[in-house]
Structures are given as structure tokens and as C-alpha cells.
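As stored in protein.cif (mmCIF, C-alpha atoms):
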data_work
loop_
_atom_site.label_atom_id
_atom_site.label_comp_id
_atom_site.auth_asym_id
_atom_site.auth_seq_id
_atom_site.Cartn_x
_atom_site.Cartn_y
_atom_site.Cartn_z
CA GLY A 17 170.80 180.89 75.16
CA ALA A 18 173.51 179.38 73.03
CA GLY A 19 172.66 178.37 69.49
CA VAL A 20 173.81 175.34 67.57
CA SER A 21 177.57 175.04 67.65
CA GLN A 22 179.83 173.04 65.38
CA SER A 23 183.48 172.16 65.59
CA PRO A 24 185.92 172.53 64.09
CA SER A 25 184.97 175.56 62.02
CA ASN A 26 187.54 174.60 59.42
CA LYS A 27 189.22 171.28 58.71
CA VAL A 28 191.90 170.61 56.12
CA THR A 29 192.83 166.99 55.64
CA GLU A 30 194.65 164.78 53.21
CA LYS A 31 192.89 162.40 50.91
CA GLY A 32 192.40 159.03 52.58
CA LYS A 33 192.33 160.33 56.14
CA ASP A 34 189.32 160.02 58.45
CA VAL A 35 187.62 163.11 59.87
CA GLU A 36 185.11 163.64 62.64
CA LEU A 37 182.80 166.64 62.78
CA ARG A 38 180.91 167.61 65.89
CA CYS A 39 177.57 169.26 66.46
CA ASP A 40 176.14 170.55 69.73
CA PRO A 41 172.42 171.21 69.30
CA ILE A 42 170.31 173.64 71.26
CA SER A 43 169.41 172.17 74.64
CA GLY A 44 166.00 170.50 74.57
CA HIS A 45 165.92 170.06 70.81
CA THR A 46 165.09 166.46 70.07
CA ALA A 47 165.59 166.60 66.31
CA LEU A 48 169.03 166.93 64.72
CA TYR A 49 169.91 167.08 61.03
CA TRP A 50 173.14 166.99 59.02
CA TYR A 51 173.38 168.58 55.58
CA ARG A 52 176.19 169.05 53.09
CA GLN A 53 176.60 172.21 51.04
CA ARG A 54 179.10 172.04 48.21
CA LEU A 55 180.47 175.29 46.84
CA GLY A 56 177.75 177.14 44.97
CA GLN A 57 175.25 174.34 45.58
CA GLY A 58 172.18 173.86 47.71
CA LEU A 59 171.75 171.84 50.88
CA GLU A 60 172.00 168.09 50.51
CA PHE A 61 170.26 166.09 53.24
CA LEU A 62 172.52 163.53 54.89
CA ILE A 63 170.97 162.14 58.06
CA TYR A 64 168.27 162.92 60.63
CA PHE A 65 167.94 161.97 64.30
CA GLN A 66 164.68 162.25 66.28
CA GLY A 67 164.87 161.42 69.95
CA ASN A 68 165.55 157.74 70.54
CA SER A 69 164.15 156.62 67.19
CA ALA A 70 166.32 154.96 64.58
CA PRO A 71 167.99 157.67 62.49
CA ASP A 72 166.97 158.33 58.89
CA LYS A 73 170.20 157.63 57.02
CA SER A 74 168.71 157.82 53.55
CA GLY A 75 170.85 160.79 52.50
CA LEU A 76 174.28 159.41 53.34
CA PRO A 77 176.17 159.27 50.01
CA SER A 78 178.29 156.21 50.74
CA ASP A 79 179.28 153.80 53.49
CA ARG A 80 182.26 156.02 54.22
CA PHE A 81 179.82 158.36 55.96
CA SER A 82 178.35 157.62 59.36
CA ALA A 83 176.87 159.60 62.21
CA GLU A 84 176.02 159.04 65.82
CA ARG A 85 174.10 160.91 68.42
CA THR A 86 174.31 160.49 72.17
CA GLY A 87 170.76 160.68 73.49
CA GLU A 88 169.40 164.07 72.61
CA SER A 89 172.71 165.88 72.74
CA VAL A 90 175.94 165.89 70.79
CA SER A 91 176.22 164.36 67.34
CA THR A 92 179.31 163.41 65.39
CA LEU A 93 179.55 162.93 61.64
CA THR A 94 182.45 160.72 60.59
CA ILE A 95 183.85 160.51 57.09
CA GLN A 96 186.29 157.68 56.51
CA ARG A 97 188.94 157.61 53.78
CA THR A 98 188.09 161.13 52.68
CA GLN A 99 187.98 161.96 48.99
CA GLN A 100 188.34 165.33 47.29
CA GLU A 101 184.65 165.34 46.40
CA ASP A 102 183.88 165.33 50.13
CA SER A 103 185.09 168.94 50.29
CA ALA A 104 182.12 171.02 51.35
CA VAL A 105 180.55 172.85 54.25
CA TYR A 106 178.81 170.44 56.60
CA LEU A 107 175.85 172.01 58.35
CA CYS A 108 174.09 170.80 61.44
CA ALA A 109 170.61 171.92 62.46
CA SER A 110 168.37 171.17 65.40
CA SER A 111 164.72 171.71 66.13
CA LYS A 112 162.25 170.93 68.84
CA GLY A 113 161.09 167.93 66.83
CA SER A 114 157.57 166.91 65.92
CA SER A 115 155.35 165.89 68.85
CA GLY A 116 152.40 167.29 66.96
CA SER A 117 154.01 170.63 66.18
CA VAL A 118 156.03 171.95 63.27
CA ASN A 119 159.15 173.71 64.34
CA GLU A 120 161.76 175.51 62.33
CA GLN A 121 165.36 174.41 62.26
CA PHE A 122 168.19 176.33 63.85
CA PHE A 123 171.43 175.99 61.95
CA GLY A 124 175.00 175.97 63.17
CA PRO A 125 177.76 177.93 61.42
CA GLY A 126 179.02 174.85 59.65
CA THR A 127 182.34 173.06 59.32
CA ARG A 128 184.25 173.80 56.14
CA LEU A 129 186.03 170.60 55.10
CA THR A 130 188.81 170.73 52.54
CA VAL A 131 190.30 167.49 51.30
CA LEU A 132 193.64 167.94 49.56
CA ALA B 1 159.87 160.95 48.52
CA GLN B 2 159.49 164.67 48.84
CA SER B 3 161.39 167.12 46.64
CA VAL B 4 161.71 170.83 46.10
CA ALA B 5 162.50 172.76 42.93
CA GLN B 6 163.76 176.32 42.76
CA PRO B 7 163.81 176.94 39.02
CA GLU B 8 165.89 180.12 39.12
CA ASP B 9 169.54 180.03 40.10
CA GLN B 10 169.60 183.81 40.33
CA VAL B 11 167.07 186.63 40.44
CA ASN B 12 167.94 190.28 39.89
CA VAL B 13 165.58 193.00 41.09
CA ALA B 14 165.97 196.76 41.30
CA GLU B 15 165.73 198.25 44.77
CA GLY B 16 162.20 199.33 45.58
CA ASN B 17 160.61 196.90 43.14
CA PRO B 18 158.59 193.86 44.20
CA LEU B 19 160.43 190.56 44.24
CA THR B 20 159.39 186.95 43.80
CA VAL B 21 161.53 183.87 44.37
CA LYS B 22 159.87 180.74 43.02
CA CYS B 23 159.50 177.35 44.67
CA THR B 24 157.55 174.25 43.71
CA TYR B 25 157.36 171.05 45.70
CA SER B 26 156.39 167.42 45.47
CA VAL B 27 155.13 165.36 48.41
CA SER B 28 152.77 162.42 48.75
CA GLY B 29 150.42 164.18 51.13
CA ASN B 30 149.99 167.67 52.46
CA PRO B 31 153.22 169.55 53.01
CA TYR B 32 154.81 171.73 55.58
CA LEU B 33 156.78 174.41 53.75
CA PHE B 34 159.60 176.70 54.82
CA TRP B 35 161.82 179.49 53.56
CA TYR B 36 165.31 180.12 54.87
CA VAL B 37 167.87 182.81 54.02
CA GLN B 38 171.65 182.61 54.02
CA TYR B 39 173.45 185.94 54.15
CA PRO B 40 177.12 186.08 53.11
CA ASN B 41 179.39 184.53 55.73
CA ARG B 42 176.45 183.81 58.01
CA GLY B 43 174.42 180.73 58.85
CA LEU B 44 170.97 179.89 57.55
CA GLN B 45 168.13 181.76 59.18
CA PHE B 46 164.46 180.85 59.28
CA LEU B 47 162.14 183.28 57.44
CA LEU B 48 158.67 181.76 57.52
CA LYS B 49 156.66 178.54 57.40
CA TYR B 50 153.32 177.25 56.18
CA ILE B 51 151.54 174.67 58.29
CA THR B 52 147.84 175.08 57.62
CA GLY B 53 145.18 177.74 57.33
CA ASP B 54 145.66 181.03 55.51
CA ASN B 55 147.53 180.51 52.25
CA LEU B 56 149.44 183.78 52.67
CA VAL B 57 152.11 183.50 55.32
CA LYS B 58 154.00 186.50 56.68
CA GLY B 59 157.54 186.20 57.99
CA SER B 60 160.64 188.08 58.99
CA TYR B 61 162.05 191.20 57.29
CA GLY B 62 158.79 191.95 55.46
CA PHE B 63 158.79 188.72 53.47
CA GLU B 64 155.69 186.68 52.76
CA ALA B 65 154.92 183.51 50.84
CA GLU B 66 151.80 182.19 49.19
CA PHE B 67 150.87 178.52 49.35
CA ASN B 68 149.11 177.33 46.20
CA LYS B 69 148.00 173.73 46.50
CA SER B 70 146.77 173.34 42.92
CA GLN B 71 150.08 174.57 41.53
CA THR B 72 152.13 172.93 44.30
CA SER B 73 153.98 176.20 44.76
CA PHE B 74 155.20 178.30 47.65
CA HIS B 75 156.69 181.44 46.13
CA LEU B 76 158.48 183.96 48.33
CA LYS B 77 157.53 187.60 47.87
CA LYS B 78 158.28 191.06 49.13
CA PRO B 79 156.50 194.24 47.99
CA SER B 80 159.58 196.47 47.96
CA ALA B 81 163.11 195.05 47.78
CA LEU B 82 166.06 196.38 49.75
CA VAL B 83 169.73 196.06 48.83
CA SER B 84 170.18 194.28 52.17
CA ASP B 85 167.85 191.51 50.95
CA SER B 86 170.63 190.28 48.68
CA ALA B 87 171.34 186.73 49.83
CA LEU B 88 170.81 183.06 49.05
CA TYR B 89 167.26 181.84 49.63
CA PHE B 90 166.25 178.25 50.24
CA CYS B 91 162.81 176.68 50.05
CA ALA B 92 162.24 173.50 52.07
CA VAL B 93 159.48 170.92 52.40
CA ARG B 94 158.52 168.38 54.98
CA ASP B 95 156.04 165.58 54.42
CA ARG B 96 153.49 165.47 57.25
CA ARG B 97 154.09 161.75 57.67
CA ASP B 98 157.71 162.12 58.78
CA ASP B 99 160.14 164.70 60.05
CA LYS B 100 162.72 164.79 57.27
CA ILE B 101 163.11 168.25 55.76
CA ILE B 102 164.38 168.54 52.18
CA PHE B 103 165.83 171.75 50.80
CA GLY B 104 165.89 173.16 47.30
CA LYS B 105 169.13 174.13 45.60
CA GLY B 106 168.73 177.77 46.50
CA THR B 107 168.17 181.00 44.57
CA ARG B 108 170.64 183.83 44.74
CA LEU B 109 168.81 187.14 44.99
CA HIS B 110 170.61 190.30 43.84
CA ILE B 111 168.98 193.62 44.66
CA LEU B 112 170.44 196.32 42.46
CA PRO B 113 170.73 199.85 43.91
#
Output the file's structure as C-alpha cells, nothing else.
Amino acid sequence: GAGVSQSPSNKVTEKGKDVELRCDPISGHTALYWYRQRLGQGLEFLIYFQGNSAPDKSGLPSDRFSAERTGESVSTLTIQRTQQEDSAVYLCASSKGSSGSVNEQFFGPGTRLTVL
Amino acid sequence: AQSVAQPEDQVNVAEGNPLTVKCTYSVSGNPYLFWYVQYPNRGLQFLLKYITGDNLVKGSYGFEAEFNKSQTSFHLKKPSALVSDSALYFCAVRDRRDDKIIFGKGTRLHILP
């Protein structure tokens, strides 16, 4: 039973470059979340996917950020024209989703993004 | 929109003493509430959740939390702290009308030997 995996574990990029972060949720989990955790800070909600419903993008900080999910599997978070303030750990979590129940999230190890 | 407040950035407790990590929330309706823990160099782990029923919820590692609707609080507690409990603790809330889960800023717990 594999958990949530994320790749790469570390990414160093230059300011202005685009980056793509990947998340593989636990099989069968219909809900998928992306969060950002800046150094010494809490978790900042970015985006949420639930099954085939339209994603909740209300947490995306700017139009440089976007995310996609293929069905109920892999998700990618893309940051275009990266800025130094984008440096953070990006966390992905999945859960079984609602369907009348309340399920805890399982978190991946995160991708540490450093923008030089 | 829902929100969570963890008023203490850091809490220091002597080993063997009881500990409390505070959390208050704001949602339009009735909440689902969660606590997660982040140990150094490890991912977030689920501790416990409140859905309905008994206001005192028991979770992993001897932790418990008390839901108080009138005070809109969900404080995390443990009767006797261990040095190994030192970590970053996050409270989270979900509005029953949607699935988005919002986290607090976290409280760093230091258990002093």
C-alpha cells in the first residue's frame, strides 16, 4: 500500500523559469489537495480536486499557478515565470473524498522548491 | 469562508505535565475539525477528527481534543507530555457544505526534559 508520492523531492530553478510538480495520490482516493508551506509558516490552501467536479481554485495566489488532474489519478501543479517568493514546500494530500463520510487526508513528503 | 486560528506560535511544556494546544475556528455551519502533526523531516500525519457526537475525541499517541461549540474551539490535549511529542501541530476545519479543508498556521510544541 503505497502512500502519496510527490516528485521531484527537491527542485532548484532560476527566477523566470517554469516548473511542474507532480503528485500521485493513493489509489481510490477521489479527493486531492495542494498546499504551500513557506519556511516557518503554516499550510496555505492552493487548490482542491474532487472526482470529476470542477476544481476549487480559490487558493491559487496568481494566474502564474495552475493545476490539472487526470481523472482520479495524477495531478500536476505548474508555476510559470517563477519568482523568489514562490520558494516553499509544496504539499499534496489525498483522501477518500466526501460521499457522505468525512475522511482524513494523507500527505505526501512534499516538493521543496527553491527559486534563485 | 472557513478559517482557523492557532493563537500560539509556540508552546513549551515540561515532560510529564499536561499539555494544551489551542485552536479556534470560524465556519458558516457546523464544522468538521481535525488535528495533524508534523515531526521534523517527516510528512504531516493525521491525529484525530471531530465529526459529530461526543465532544471529547480521542486520537493517536494519547492525544485528545475537546469540541466546544459555544466557544468555537477545538483544543488539543494530552494528560502527560513526552519529549517525543515535540513537533509542529496543525488544526484544520472543513465546512460541512463543501470539501475544502483549511489549516491553521501551526503551533510548535516543545517538550522540555
**OP:** Find the spatial neighbours of Gln6 (chain B), counting all atoms listed in the file, within a cut-off of 6 Å - ignore same-chain residues fewer than 5 positions away - and output them as a ChimeraX atom specification.
**Re:** /B:22-23,104
**OP:** Could the residues of chain A within 12 Å of chain B, counting only C-alpha atoms, be given as a PyMOL selection string, please?
**Re:** chain A and resi 19-22+46-67+69+71-75+105-128
Can those selected residues be exported to a file as a compact mmCIF listing (two decimals), keeping the file's coordinate frame so that it contains C-alpha atoms?
# COMPACT_ATOMS: atom_id res chain seq x y z
CA GLY A 19 172.66 178.37 69.49
CA VAL A 20 173.81 175.34 67.57
CA SER A 21 177.57 175.04 67.65
CA GLN A 22 179.83 173.04 65.38
CA THR A 46 165.09 166.46 70.07
CA ALA A 47 165.59 166.60 66.31
CA LEU A 48 169.03 166.93 64.72
CA TYR A 49 169.91 167.08 61.03
CA TRP A 50 173.14 166.99 59.02
CA TYR A 51 173.38 168.58 55.58
CA ARG A 52 176.19 169.05 53.09
CA GLN A 53 176.60 172.21 51.04
CA ARG A 54 179.10 172.04 48.21
CA LEU A 55 180.47 175.29 46.84
CA GLY A 56 177.75 177.14 44.97
CA GLN A 57 175.25 174.34 45.58
CA GLY A 58 172.18 173.86 47.71
CA LEU A 59 171.75 171.84 50.88
CA GLU A 60 172.00 168.09 50.51
CA PHE A 61 170.26 166.09 53.24
CA LEU A 62 172.52 163.53 54.89
CA ILE A 63 170.97 162.14 58.06
CA TYR A 64 168.27 162.92 60.63
CA PHE A 65 167.94 161.97 64.30
CA GLN A 66 164.68 162.25 66.28
CA GLY A 67 164.87 161.42 69.95
CA SER A 69 164.15 156.62 67.19
CA PRO A 71 167.99 157.67 62.49
CA ASP A 72 166.97 158.33 58.89
CA LYS A 73 170.20 157.63 57.02
CA SER A 74 168.71 157.82 53.55
CA GLY A 75 170.85 160.79 52.50
CA VAL A 105 180.55 172.85 54.25
CA TYR A 106 178.81 170.44 56.60
CA LEU A 107 175.85 172.01 58.35
CA CYS A 108 174.09 170.80 61.44
CA ALA A 109 170.61 171.92 62.46
CA SER A 110 168.37 171.17 65.40
CA SER A 111 164.72 171.71 66.13
CA LYS A 112 162.25 170.93 68.84
CA GLY A 113 161.09 167.93 66.83
CA SER A 114 157.57 166.91 65.92
CA SER A 115 155.35 165.89 68.85
CA GLY A 116 152.40 167.29 66.96
CA SER A 117 154.01 170.63 66.18
CA VAL A 118 156.03 171.95 63.27
CA ASN A 119 159.15 173.71 64.34
CA GLU A 120 161.76 175.51 62.33
CA GLN A 121 165.36 174.41 62.26
CA PHE A 122 168.19 176.33 63.85
CA PHE A 123 171.43 175.99 61.95
CA GLY A 124 175.00 175.97 63.17
CA PRO A 125 177.76 177.93 61.42
CA GLY A 126 179.02 174.85 59.65
CA THR A 127 182.34 173.06 59.32
CA ARG A 128 184.25 173.80 56.14
Subject >> Residues returned when the PyMOL selection byres ((chain B and resi 86) around 9) runs on this file, as JSON, numbers by chain >> reply: {"B": [39, 40, 81, 82, 83, 84, 85, 87, 88, 108, 109, 110, 111, 112]}
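Put simply, the PyMOL selection byres ((chain A and resi 82) around 10) on this file hits A:Glu36, A:Leu62, A:Ile63, A:Lys73, A:Leu76, A:Pro77, A:Ser78, A:Asp79, A:Arg80, A:Phe81, A:Ala83, A:Glu84, A:Thr92, A:Leu93, A:Thr94, A:Ile95, A:Gln96.
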Go ahead and save the picked residues with C-alpha atoms, as a PDB file, in the coordinates of the input.
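Once written, selection03.pdb looks like this:
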ATOM      1  CA  GLU A  36     185.110 163.640  62.640  1.00  0.00           C
ATOM      2  CA  LEU A  62     172.520 163.530  54.890  1.00  0.00           C
ATOM      3  CA  ILE A  63     170.970 162.140  58.060  1.00  0.00           C
ATOM      4  CA  LYS A  73     170.200 157.630  57.020  1.00  0.00           C
ATOM      5  CA  LEU A  76     174.280 159.410  53.340  1.00  0.00           C
ATOM      6  CA  PRO A  77     176.170 159.270  50.010  1.00  0.00           C
ATOM      7  CA  SER A  78     178.290 156.210  50.740  1.00  0.00           C
ATOM      8  CA  ASP A  79     179.280 153.800  53.490  1.00  0.00           C
ATOM      9  CA  ARG A  80     182.260 156.020  54.220  1.00  0.00           C
ATOM     10  CA  PHE A  81     179.820 158.360  55.960  1.00  0.00           C
ATOM     11  CA  ALA A  83     176.870 159.600  62.210  1.00  0.00           C
ATOM     12  CA  GLU A  84     176.020 159.040  65.820  1.00  0.00           C
ATOM     13  CA  THR A  92     179.310 163.410  65.390  1.00  0.00           C
ATOM     14  CA  LEU A  93     179.550 162.930  61.640  1.00  0.00           C
ATOM     15  CA  THR A  94     182.450 160.720  60.590  1.00  0.00           C
ATOM     16  CA  ILE A  95     183.850 160.510  57.090  1.00  0.00           C
ATOM     17  CA  GLN A  96     186.290 157.680  56.510  1.00  0.00           C
TER      18      GLN A  96
END
**OP:** With a distance cut-off of 12 Å and all atoms listed in the file, select the neighbouring residues of Ser80 (chain B), excluding the residue or stretch itself and same-chain residues fewer than 5 positions from it, and output the selection as a list in words.
**Re:** Val13, Ala14, Glu15, Gly16, Asn17, Pro18, Leu19, Thr20, Tyr61, Gly62, Phe63, Glu64, Asp85 and Ile111 of chain B
Can those selected residues be exported to a file as a short mmCIF file (atom, residue, chain, number, x, y, z; two decimals), in the coordinates of the input so that it contains C-alpha atoms?
data_model
loop_
_atom_site.label_atom_id
_atom_site.label_comp_id
_atom_site.auth_asym_id
_atom_site.auth_seq_id
_atom_site.Cartn_x
_atom_site.Cartn_y
_atom_site.Cartn_z
CA VAL B 13 165.58 193.00 41.09
CA ALA B 14 165.97 196.76 41.30
CA GLU B 15 165.73 198.25 44.77
CA GLY B 16 162.20 199.33 45.58
CA ASN B 17 160.61 196.90 43.14
CA PRO B 18 158.59 193.86 44.20
CA LEU B 19 160.43 190.56 44.24
CA THR B 20 159.39 186.95 43.80
CA TYR B 61 162.05 191.20 57.29
CA GLY B 62 158.79 191.95 55.46
CA PHE B 63 158.79 188.72 53.47
CA GLU B 64 155.69 186.68 52.76
CA ASP B 85 167.85 191.51 50.95
CA ILE B 111 168.98 193.62 44.66
#
**OP:** Would you translate the PyMOL selection byres ((chain A and resi 99) around 8) into the concrete set of residues it matches in this file, as number ranges by chain?
**Re:** A: 31-32, 97-98, 100-103, 131
